[in-house]
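So this one's structure-v5.cif, mmCIF, C-alpha atoms:
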```
data_structure
loop_
_atom_site.label_atom_id
_atom_site.label_comp_id
_atom_site.auth_asym_id
_atom_site.auth_seq_id
_atom_site.Cartn_x
_atom_site.Cartn_y
_atom_site.Cartn_z
CA MET A 1 18.23 103.67 187.97
CA SER A 2 18.41 103.92 184.22
CA ILE A 3 15.65 102.75 181.92
CA SER A 4 17.83 102.81 178.82
CA PRO A 5 18.41 99.56 176.98
CA LYS A 6 21.47 97.63 178.05
CA THR A 7 23.40 95.42 175.69
CA THR A 8 25.62 92.71 177.10
CA GLU A 9 27.75 90.49 174.94
CA ILE A 10 27.99 86.85 175.90
CA THR A 11 31.47 85.47 175.43
CA GLY A 12 31.79 81.76 174.92
CA VAL A 13 29.75 79.26 172.99
CA ASP A 14 26.20 78.29 173.85
CA ASP A 15 24.95 74.88 172.74
CA PRO A 16 21.33 74.93 171.51
CA SER A 17 21.46 71.25 170.48
CA TRP A 18 19.05 70.47 173.36
CA LEU A 19 16.22 71.84 171.20
CA GLY A 20 14.46 68.93 169.54
CA SER A 21 12.55 71.16 167.11
CA ALA A 22 11.45 74.75 166.57
CA HIS A 23 8.02 73.91 167.97
CA GLY A 24 7.26 76.10 170.97
CA LEU A 25 9.87 78.75 170.19
CA ASP A 26 7.20 81.01 168.72
CA SER A 27 5.22 81.04 171.96
CA THR A 28 7.73 81.10 174.81
CA GLU A 29 6.85 82.64 178.16
CA THR A 30 8.54 85.79 179.39
CA ILE A 31 9.90 85.19 182.88
CA THR A 32 12.10 86.98 185.40
CA LEU A 33 15.06 85.13 186.89
CA ASP A 34 16.45 85.74 190.38
CA PRO A 35 20.24 85.51 189.88
CA ALA A 36 20.78 85.01 193.63
CA LEU A 37 19.21 81.54 193.33
CA PHE A 38 21.79 80.31 190.82
CA ASP A 39 25.23 79.02 191.82
CA ALA A 40 28.12 80.43 189.79
CA GLU A 41 30.10 77.20 189.79
CA THR A 42 27.16 74.99 188.82
CA HIS A 43 24.93 77.19 186.68
CA TYR A 44 27.10 79.89 185.10
CA PRO A 45 30.84 79.11 185.28
CA ASP A 46 31.33 81.08 182.04
CA GLY A 47 29.45 84.16 183.26
CA TYR A 48 26.13 83.32 181.64
CA LEU A 49 23.22 80.98 182.23
CA PRO A 50 23.23 78.54 179.30
CA SER A 51 20.20 77.83 177.16
CA GLY A 52 18.36 74.67 178.13
CA LEU A 53 18.81 75.26 181.87
CA ASN A 54 16.02 73.69 183.95
CA LEU A 55 13.84 76.33 185.61
CA ALA A 56 11.17 76.51 188.29
CA LYS A 57 9.08 79.27 189.84
CA VAL A 58 9.52 80.37 193.46
CA THR A 59 6.03 80.49 194.96
CA ALA A 60 6.59 83.46 197.30
CA THR A 61 8.19 85.80 194.72
CA SER A 62 7.01 84.50 191.32
CA LEU A 63 10.64 84.77 190.22
CA TYR A 64 12.38 81.84 188.56
CA GLY A 65 15.42 79.92 189.69
CA PRO A 66 17.00 76.56 188.99
CA TYR A 67 14.74 73.53 189.23
CA ASP A 68 15.57 71.51 192.36
CA ASN A 69 13.37 68.52 193.19
CA ALA A 70 14.55 68.72 196.82
CA ALA A 71 13.52 72.37 197.27
CA THR A 72 10.44 73.42 199.25
CA ASP A 73 9.93 76.94 197.88
CA GLY A 74 8.23 76.05 194.59
CA ARG A 75 11.42 75.17 192.73
CA GLU A 76 10.61 71.49 193.23
CA VAL A 77 8.08 71.82 190.38
CA PHE A 78 9.77 71.99 186.99
CA ALA A 79 8.42 74.83 184.82
CA GLY A 80 10.49 74.94 181.62
CA HIS A 81 13.88 75.47 179.97
CA LEU A 82 15.78 78.70 179.45
CA VAL A 83 15.48 79.47 175.72
CA ALA A 84 18.59 81.60 175.21
CA PRO A 85 21.73 82.25 177.24
CA ARG A 86 21.50 85.14 179.68
CA PRO A 87 24.47 86.98 181.22
CA VAL A 88 24.78 87.13 184.99
CA ASP A 89 26.36 90.53 185.47
CA GLY A 90 25.27 91.87 188.83
CA GLN A 91 21.71 92.81 187.90
CA PRO A 92 19.13 92.01 190.61
CA ARG A 93 16.76 90.47 188.06
CA ILE A 94 17.17 88.97 184.57
CA VAL A 95 14.37 88.98 182.01
CA ALA A 96 14.37 85.81 179.94
CA ALA A 97 12.22 83.42 177.93
CA ALA A 98 11.20 79.91 178.95
CA LEU A 99 10.31 77.01 176.69
CA THR A 100 7.22 75.52 178.32
CA HIS A 101 6.15 73.22 175.51
CA GLY A 102 7.91 71.57 172.62
CA LYS A 103 10.47 68.84 172.00
CA VAL A 104 13.78 68.55 173.88
CA ARG A 105 16.82 66.32 173.43
CA ALA A 106 17.32 65.33 177.07
CA ALA A 107 20.88 64.10 176.59
CA ASN A 108 21.96 67.55 175.38
CA LEU A 109 20.63 69.61 178.30
CA PRO A 110 23.38 71.50 180.18
CA ILE A 111 22.13 69.91 183.44
CA SER A 112 20.16 66.68 183.27
CA LEU A 113 16.48 66.72 184.23
CA ASP A 114 15.32 64.02 186.65
CA ALA A 115 12.25 61.81 186.23
CA ALA A 116 10.18 64.00 188.58
CA GLY A 117 10.91 67.07 186.44
CA LYS A 118 9.99 65.21 183.27
CA ALA A 119 6.75 64.10 184.95
CA ASP A 120 6.00 67.76 185.79
CA ALA A 121 6.33 68.56 182.07
CA ALA A 122 4.26 65.60 180.81
CA GLY A 123 1.90 66.67 178.06
CA ARG A 124 3.80 69.92 177.49
CA ILE A 125 7.37 68.92 176.69
CA ARG A 126 8.37 65.72 174.94
CA TYR A 127 11.83 64.41 175.75
CA ILE A 128 13.63 62.47 173.05
#
```
Could you spell out this file's structure in structure tokens?
Amino acid sequence: MSISPKTTEITGVDDPSWLGSAHGLDSTETITLDPALFDAETHYPDGYLPSGLNLAKVTATSLYGPYDNAATDGREVFAGHLVAPRPVDGQPRIVAAALTHGKVRAANLPISLDAAGKADAAGRIRYI
């Protein structure tokens, strides 16, 4: 295992228009994503997880995966949105940042967030 920094270029265009303001970007939470929980066809067809992706924390591992209101492993509780695109390149874990409070343009999210997810974020994230 190498501890040297790794740089990965993301090819394609990410769309940050889901951000409703800069509020909250100065105090994001550092999280660790479990790439095995994400589906390539649904979540990263271009090789990277797009910014704005809906995230939730798996109770047993404390790792993050895609929010899924039908899950029973903790991912049924919405936690926040992925702040910046992250490549999925075979690494067992991906360090990322989550927006846990601020303003979000719901119509511009890469995957829509259901009413239960928005209720989980009430008081932290305002959807416009």
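For the pair atom CA of A:Lys118 and atom CA of A:Lys57, the interatomic distance is 15.5 Å.
Distances here use all atoms listed in the file; by that measure, the residue among A:Ala60, A:Val95, A:Ala22, A:Leu55 closest to A:Ser112 is A:Leu55.
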Result set, the PyMOL selection byres ((chain A and resi 26) around 12) on current file, as JSON, numbers by chain: {"A": [21, 22, 23, 24, 25, 27, 28, 29, 30, 83, 97, 98, 99, 100, 101, 102]}
Residues matched by the PyMOL selection byres ((chain A and resi 85) around 6), written as an MDAnalysis selection string: chainID A and resid 49:51 84 86
Since we have the selection now, will you write its residues out, keeping C-alpha atoms, as an mmCIF file, in the coordinates of the input?
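For reference, result-v6.cif as written:
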```
data_model
loop_
_atom_site.group_PDB
_atom_site.id
_atom_site.type_symbol
_atom_site.label_atom_id
_atom_site.label_comp_id
_atom_site.auth_asym_id
_atom_site.auth_seq_id
_atom_site.Cartn_x
_atom_site.Cartn_y
_atom_site.Cartn_z
ATOM 1 C CA LEU A 49 23.220 80.980 182.230
ATOM 2 C CA PRO A 50 23.230 78.540 179.300
ATOM 3 C CA SER A 51 20.200 77.830 177.160
ATOM 4 C CA ALA A 84 18.590 81.600 175.210
ATOM 5 C CA ARG A 86 21.500 85.140 179.680
#
```
Interatomic distance (Å, one decimal) between atom CA of A:Ala79 and atom CA of A:Arg93: 18.0 Å
Of the listed residues A:Leu33, A:Ala40, A:Val58, A:Ala106, that which approaches A:Pro16 most closely, counting all atoms listed in the file: A:Ala106
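Between atom CA of A:Val88 and atom CA of A:Tyr44 lies a distance of 7.6 Å.
Excluding A:Ala122 itself and same-chain residues fewer than 2 positions from it, the residues having an atom within 12 Å of it are Phe78, Ala79, Gly80, Thr100, His101, Gly102, Lys103, Ala115, Ala116, Gly117, Lys118, Ala119, Asp120, Arg124, Ile125, Arg126 and Tyr127 of chain A, counting only C-alpha atoms.
Using all atoms listed in the file, the shortest contact distance between A:Ala121 and any of A:Gly74, A:His81, A:Gly47, A:Pro66 is found at A:His81.
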